[in-house]
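Source file run06.pdb; content: PDB, C-alpha atoms.
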```
ATOM      1  CA  MET A   1      19.432  87.156-117.680
ATOM      2  CA  LYS A   2      19.573  87.306-114.016
ATOM      3  CA  THR A   3      20.673  84.207-112.071
ATOM      4  CA  ILE A   4      19.257  83.555-108.728
ATOM      5  CA  MET A   5      21.604  81.942-106.247
ATOM      6  CA  LYS A   6      20.158  80.000-103.438
ATOM      7  CA  THR A   7      22.073  79.961-100.219
ATOM      8  CA  HIS A   8      22.089  77.108 -97.830
ATOM      9  CA  SER A   9      22.712  78.656 -94.479
ATOM     10  CA  GLY A  10      23.500  76.378 -91.525
ATOM     11  CA  PHE A  11      23.661  73.115 -93.413
ATOM     12  CA  THR A  12      27.441  72.753 -92.985
ATOM     13  CA  LEU A  13      27.188  73.401 -89.253
ATOM     14  CA  ILE A  14      24.761  70.497 -88.867
ATOM     15  CA  GLU A  15      27.194  68.201 -90.681
ATOM     16  CA  VAL A  16      30.018  69.308 -88.389
ATOM     17  CA  LEU A  17      27.830  68.804 -85.303
ATOM     18  CA  ILE A  18      26.916  65.251 -86.392
ATOM     19  CA  ALA A  19      30.588  64.473 -87.077
ATOM     20  CA  VAL A  20      31.595  65.769 -83.634
ATOM     21  CA  VAL A  21      28.886  63.685 -81.929
ATOM     22  CA  LEU A  22      29.989  60.554 -83.817
ATOM     23  CA  LEU A  23      33.634  61.203 -82.975
ATOM     24  CA  ALA A  24      32.783  61.723 -79.290
ATOM     25  CA  GLY A  25      30.840  58.438 -79.237
ATOM     26  CA  ALA A  26      33.735  56.593 -80.867
ATOM     27  CA  LEU A  27      36.228  58.039 -78.374
ATOM     28  CA  LEU A  28      34.022  57.033 -75.444
ATOM     29  CA  GLY A  29      33.835  53.525 -76.885
ATOM     30  CA  LEU A  30      37.617  53.374 -77.168
ATOM     31  CA  ALA A  31      38.009  54.583 -73.580
ATOM     32  CA  GLY A  32      35.632  51.853 -72.380
ATOM     33  CA  LEU A  33      37.514  49.259 -74.387
ATOM     34  CA  GLN A  34      40.820  50.416 -72.906
ATOM     35  CA  ALA A  35      39.415  50.182 -69.364
ATOM     36  CA  ARG A  36      38.176  46.649 -70.037
ATOM     37  CA  VAL A  37      41.555  45.613 -71.477
ATOM     38  CA  LEU A  38      43.353  46.947 -68.391
ATOM     39  CA  SER A  39      40.961  45.069 -66.103
ATOM     40  CA  ASN A  40      41.458  41.806 -68.002
ATOM     41  CA  ASN A  41      45.211  42.323 -68.005
ATOM     42  CA  GLN A  42      45.208  42.731 -64.204
ATOM     43  CA  SER A  43      43.065  39.621 -63.854
ATOM     44  CA  ALA A  44      45.516  37.623 -66.000
ATOM     45  CA  TYR A  45      48.421  38.939 -63.921
ATOM     46  CA  ASN A  46      46.680  37.860 -60.684
ATOM     47  CA  ARG A  47      46.030  34.379 -62.099
ATOM     48  CA  SER A  48      49.701  34.110 -63.121
ATOM     49  CA  GLN A  49      50.747  35.144 -59.612
ATOM     50  CA  ALA A  50      48.404  32.543 -58.080
ATOM     51  CA  THR A  51      49.869  29.859 -60.347
ATOM     52  CA  GLN A  52      53.410  30.826 -59.388
ATOM     53  CA  LEU A  53      52.530  30.861 -55.679
ATOM     54  CA  ALA A  54      50.888  27.432 -55.901
ATOM     55  CA  TYR A  55      53.920  25.878 -57.539
ATOM     56  CA  ASP A  56      56.179  27.653 -55.052
ATOM     57  CA  ILE A  57      54.589  26.035 -52.002
ATOM     58  CA  ALA A  58      54.358  22.646 -53.769
ATOM     59  CA  ASP A  59      58.088  22.778 -54.506
ATOM     60  CA  ARG A  60      58.826  23.807 -50.928
ATOM     61  CA  MET A  61      56.819  20.849 -49.649
ATOM     62  CA  ARG A  62      58.578  18.417 -51.982
ATOM     63  CA  ALA A  63      61.965  19.721 -50.907
ATOM     64  CA  ASN A  64      61.119  19.431 -47.204
ATOM     65  CA  THR A  65      59.545  15.977 -46.985
ATOM     66  CA  ASN A  66      61.241  12.881 -45.715
ATOM     67  CA  SER A  67      60.515  10.087 -48.185
ATOM     68  CA  SER A  68      61.533   7.446 -45.630
ATOM     69  CA  VAL A  69      58.665   8.475 -43.329
ATOM     70  CA  ALA A  70      55.053   7.603 -44.120
ATOM     71  CA  ALA A  71      53.193  10.634 -45.470
ATOM     72  CA  ASN A  72      50.673  10.671 -42.611
ATOM     73  CA  ASN A  73      53.485  10.583 -40.020
ATOM     74  CA  ASN A  74      55.721  13.247 -41.560
ATOM     75  CA  ASP A  75      55.740  16.157 -39.115
ATOM     76  CA  ALA A  76      56.592  18.705 -41.828
ATOM     77  CA  LEU A  77      53.582  17.657 -43.930
ATOM     78  CA  VAL A  78      51.373  17.974 -40.860
ATOM     79  CA  ILE A  79      52.577  21.580 -40.455
ATOM     80  CA  TYR A  80      51.904  22.400 -44.115
ATOM     81  CA  THR A  81      48.414  20.914 -44.133
ATOM     82  CA  THR A  82      47.236  21.691 -40.598
ATOM     83  CA  PHE A  83      48.218  25.312 -40.092
ATOM     84  CA  LEU A  84      47.164  28.377 -42.033
ATOM     85  CA  PRO A  85      49.994  30.267 -43.714
ATOM     86  CA  SER A  86      49.139  33.283 -41.575
ATOM     87  CA  THR A  87      50.209  31.279 -38.505
ATOM     88  CA  GLY A  88      53.623  30.457 -39.979
ATOM     89  CA  ILE A  89      56.598  31.460 -37.881
ATOM     90  CA  GLN A  90      59.724  33.019 -39.286
ATOM     91  CA  LYS A  91      62.774  30.903 -38.511
ATOM     92  CA  PRO A  92      66.006  32.814 -39.232
ATOM     93  CA  ASN A  93      68.034  29.619 -38.733
ATOM     94  CA  CYS A  94      66.425  28.219 -41.876
ATOM     95  CA  LEU A  95      68.318  30.722 -44.015
ATOM     96  CA  THR A  96      71.519  28.759 -43.408
ATOM     97  CA  THR A  97      72.336  25.129 -44.054
ATOM     98  CA  THR A  98      72.454  24.143 -40.385
ATOM     99  CA  GLY A  99      70.178  24.577 -37.415
ATOM    100  CA  CYS A 100      66.836  24.075 -39.126
ATOM    101  CA  SER A 101      64.611  21.049 -38.621
ATOM    102  CA  GLN A 102      61.938  19.955 -41.089
ATOM    103  CA  VAL A 103      59.229  21.385 -38.831
ATOM    104  CA  ASP A 104      61.091  24.704 -38.570
ATOM    105  CA  MET A 105      61.455  24.767 -42.354
ATOM    106  CA  ALA A 106      57.738  24.088 -42.793
ATOM    107  CA  ASN A 107      56.898  26.967 -40.447
ATOM    108  CA  ASN A 108      59.322  29.258 -42.255
ATOM    109  CA  ASP A 109      57.928  28.206 -45.651
ATOM    110  CA  LEU A 110      54.386  29.022 -44.530
ATOM    111  CA  PHE A 111      55.562  32.376 -43.167
ATOM    112  CA  GLU A 112      57.282  33.304 -46.437
ATOM    113  CA  TRP A 113      54.377  32.006 -48.530
ATOM    114  CA  ASN A 114      51.943  34.104 -46.507
ATOM    115  CA  LEU A 115      54.047  37.195 -47.266
ATOM    116  CA  ALA A 116      53.969  36.317 -50.972
ATOM    117  CA  LEU A 117      50.185  35.821 -50.896
ATOM    118  CA  ALA A 118      49.885  39.482 -49.900
ATOM    119  CA  THR A 119      50.853  40.408 -53.493
ATOM    120  CA  LEU A 120      47.334  39.361 -54.535
ATOM    121  CA  PRO A 121      44.398  41.624 -53.626
ATOM    122  CA  ASN A 122      43.014  40.140 -50.401
ATOM    123  CA  GLY A 123      45.179  37.059 -51.111
ATOM    124  CA  GLN A 124      44.680  33.969 -48.955
ATOM    125  CA  GLY A 125      45.761  30.387 -49.380
ATOM    126  CA  LEU A 126      46.232  27.010 -47.765
ATOM    127  CA  VAL A 127      47.355  23.461 -48.452
ATOM    128  CA  CYS A 128      45.107  20.528 -47.598
ATOM    129  CA  LYS A 129      43.898  17.120 -48.626
ATOM    130  CA  ASP A 130      40.423  17.419 -50.083
ATOM    131  CA  SER A 131      38.170  15.089 -52.057
ATOM    132  CA  THR A 132      36.202  18.073 -53.431
ATOM    133  CA  PRO A 133      38.893  20.711 -54.010
ATOM    134  CA  LYS A 134      36.877  23.248 -55.991
ATOM    135  CA  ASP A 135      34.828  24.474 -53.057
ATOM    136  CA  GLY A 136      35.362  26.900 -50.214
ATOM    137  CA  THR A 137      35.286  30.675 -50.138
ATOM    138  CA  SER A 138      38.283  31.563 -47.954
ATOM    139  CA  THR A 139      40.815  30.057 -45.586
ATOM    140  CA  ALA A 140      38.229  30.351 -42.818
ATOM    141  CA  ALA A 141      35.666  28.456 -44.949
ATOM    142  CA  SER A 142      38.010  26.255 -46.972
ATOM    143  CA  ALA A 143      35.785  23.148 -47.022
ATOM    144  CA  CYS A 144      38.835  20.868 -46.788
ATOM    145  CA  ASP A 145      37.741  17.409 -45.688
ATOM    146  CA  GLY A 146      41.175  15.776 -45.277
ATOM    147  CA  ALA A 147      40.201  12.911 -47.585
ATOM    148  CA  GLY A 148      41.996  11.661 -50.645
ATOM    149  CA  ALA A 149      45.613  11.000 -51.531
ATOM    150  CA  ASP A 150      46.274  14.257 -53.365
ATOM    151  CA  TYR A 151      47.298  17.517 -51.786
ATOM    152  CA  HIS A 152      45.493  20.628 -52.982
ATOM    153  CA  ILE A 153      46.667  24.193 -52.855
ATOM    154  CA  LYS A 154      43.766  26.612 -52.669
ATOM    155  CA  ILE A 155      44.366  30.289 -53.307
ATOM    156  CA  TRP A 156      41.701  32.990 -53.069
ATOM    157  CA  TRP A 157      41.850  36.634 -54.081
ATOM    158  CA  ASP A 158      39.395  39.412 -54.860
ATOM    159  CA  ASP A 159      39.835  39.625 -58.625
ATOM    160  CA  ASP A 160      37.303  42.324 -59.449
ATOM    161  CA  LYS A 161      37.174  44.151 -56.103
ATOM    162  CA  SER A 162      33.563  43.087 -55.621
ATOM    163  CA  GLY A 163      34.165  41.315 -52.314
ATOM    164  CA  THR A 164      33.675  37.875 -53.922
ATOM    165  CA  ASN A 165      36.855  35.835 -53.917
ATOM    166  CA  GLN A 166      38.222  34.032 -56.961
ATOM    167  CA  LEU A 167      39.378  30.451 -56.234
ATOM    168  CA  PHE A 168      42.418  28.863 -57.868
ATOM    169  CA  VAL A 169      43.217  25.224 -57.078
ATOM    170  CA  VAL A 170      46.249  23.092 -57.921
ATOM    171  CA  GLY A 171      46.427  19.434 -56.986
ATOM    172  CA  PHE A 172      49.641  17.422 -56.669
ATOM    173  CA  LYS A 173      51.142  14.278 -55.208
ATOM    174  CA  LEU A 174      54.346  14.010 -53.229
TER     175      LEU A 174
END
```

Translate the structure described by the file into structure tokens.
Amino acid sequence: MKTIMKTHSGFTLIEVLIAVVLLAGALLGLAGLQARVLSNNQSAYNRSQATQLAYDIADRMRANTNSSVAANNNDALVIYTTFLPSTGIQKPNCLTTTGCSQVDMANNDLFEWNLALATLPNGQGLVCKDSTPKDGTSTAASACDGAGADYHIKIWWDDDKSGTNQLFVVGFKL
């Protein structure tokens, strides 16, 4: 008796092609996931930096205020809340224990804080009194109204490189 063998030509190649297409799709998905994770990690790093910078300037203000002077008459507080950090002036005398007034220290603090803000992408920040602290789009349009007893530190940065700034606000009392 003669047996007839049937051959299946090309069937295995189709299976391999489908497997390759599925593998390519899975690898593209993993690459997209990795890109998203890196983006979120950078965003978390920027938020951590903004938090650290906010507490830095708050601590500087607390260290440089004169508790015996009324808060609205303290010249150092006026410097911190009136001037933008970009207008801060470096005062080399403030690196030693003598030869630095409270106003000089406030100017030097703003100068150093402005340098630190540059670690954020398009980083900007200011300190002000504000009854509605969660508004404003930049230091030029901060929407600070000078009302209220609390000081607010507003920090902006371009988190996703879209041109729209992210706002981070910390409020504190002296």

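Nearest residue to Asp160 of chain A, choosing from A:Asn122, A:Thr132, A:Ser142, A:Asn108 and counting only C-alpha atoms: A:Asn122.
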
Inset, instruction - Please identify all polymer residues within 6 Å of Leu126 of chain A, counting all atoms listed in the file, omitting same-chain residues fewer than 5 positions from it, and present them as a ChimeraX atom specification. - result: /A:84,153-154

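In this model, the gap between atom CA of Ile14 of chain A and atom CA of Leu30 of chain A comes to 24.4 Å.
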
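Restricting the calculation to only C-alpha atoms, the smallest distance between Arg62 of chain A and any of A:Leu17, A:Leu23, A:Met105, A:Leu38 is found for A:Met105.
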
Inset, instruction - Report the distance between atom CA of Gly163 of chain A and atom CA of Ala35 of chain A in Å, rounded to one decimal place. - result: 19.9 Å

Inset, instruction - Tell me, in Å to one decimal, how far atom CA of Gly32 of chain A is from atom CA of Tyr45 of chain A. - result: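 Separation between atom CA of Gly32 of chain A and atom CA of Tyr45 of chain A: 20.0 Å.
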
Inset, instruction - Please write as number ranges by chain the full residue list that the PyMOL selection byres ((chain A and resi 50) around 9) yields on this file. - result: A: 45-49, 51-55, 117, 120, 123, 155-157, 168

Legend entry - Test item: the PyMOL selection byres ((chain A and resi 136) around 12) resolved as a list in words: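 Applying the PyMOL selection byres ((chain A and resi 136) around 12) to the structure shown produces Gln124, Gly125, Leu126, Cys128, Asp130, Thr132, Pro133, Lys134, Asp135, Thr137, Ser138, Thr139, Ala140, Ala141, Ser142, Ala143, Cys144, Asp145, Ile153, Lys154, Ile155, Trp156, Thr164, Asn165, Gln166, Leu167, Phe168 and Val169 of chain A.
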
Legend entry - Minimum-distance residue to Asp159 of chain A, chosen among A:Ala24, A:Arg60, A:Pro121, A:Thr12 (using only C-alpha atoms): A:Pro121

Inset, instruction - Could you tell me which residues the PyMOL selection byres ((chain A and resi 75-80) around 6) returns for this structure, as a PyMOL selection string? - result: chain A and resi 74+81-83+102-103+106

Legend entry - Nearest to Phe172 of chain A, chosen from A:Ile57, A:Leu27, A:Leu33, A:Leu22, with all atoms listed in the file counted in the distances: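 Result for the nearest residue to Phe172 of chain A: A:Ile57.
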
Inset, instruction - Measuring atom to atom with only C-alpha atoms, identify which of A:Ser131, A:Gln90, A:Asn41, A:Ser162 is nearest to Asn107 of chain A. - result: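 So, comparing all the options, the nearest one is A:Gln90.
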
Legend entry - Pick from A:Asp158, A:Thr96, A:Ala58, A:Val21, whichever lies nearest to Asp109 of chain A using all atoms listed in the file: A:Ala58

What are the centre and edge lengths in Å, to one decimal, of the axis-aligned box around all listed atoms of segment 143-157 of chain A with 5 Å added on each side, as lines of an AutoDock Vina configuration file?
```
center_x = 41.5
center_y = 23.8
center_z = -49.7
size_x = 21.5
size_y = 35.6
size_z = 18.8
```
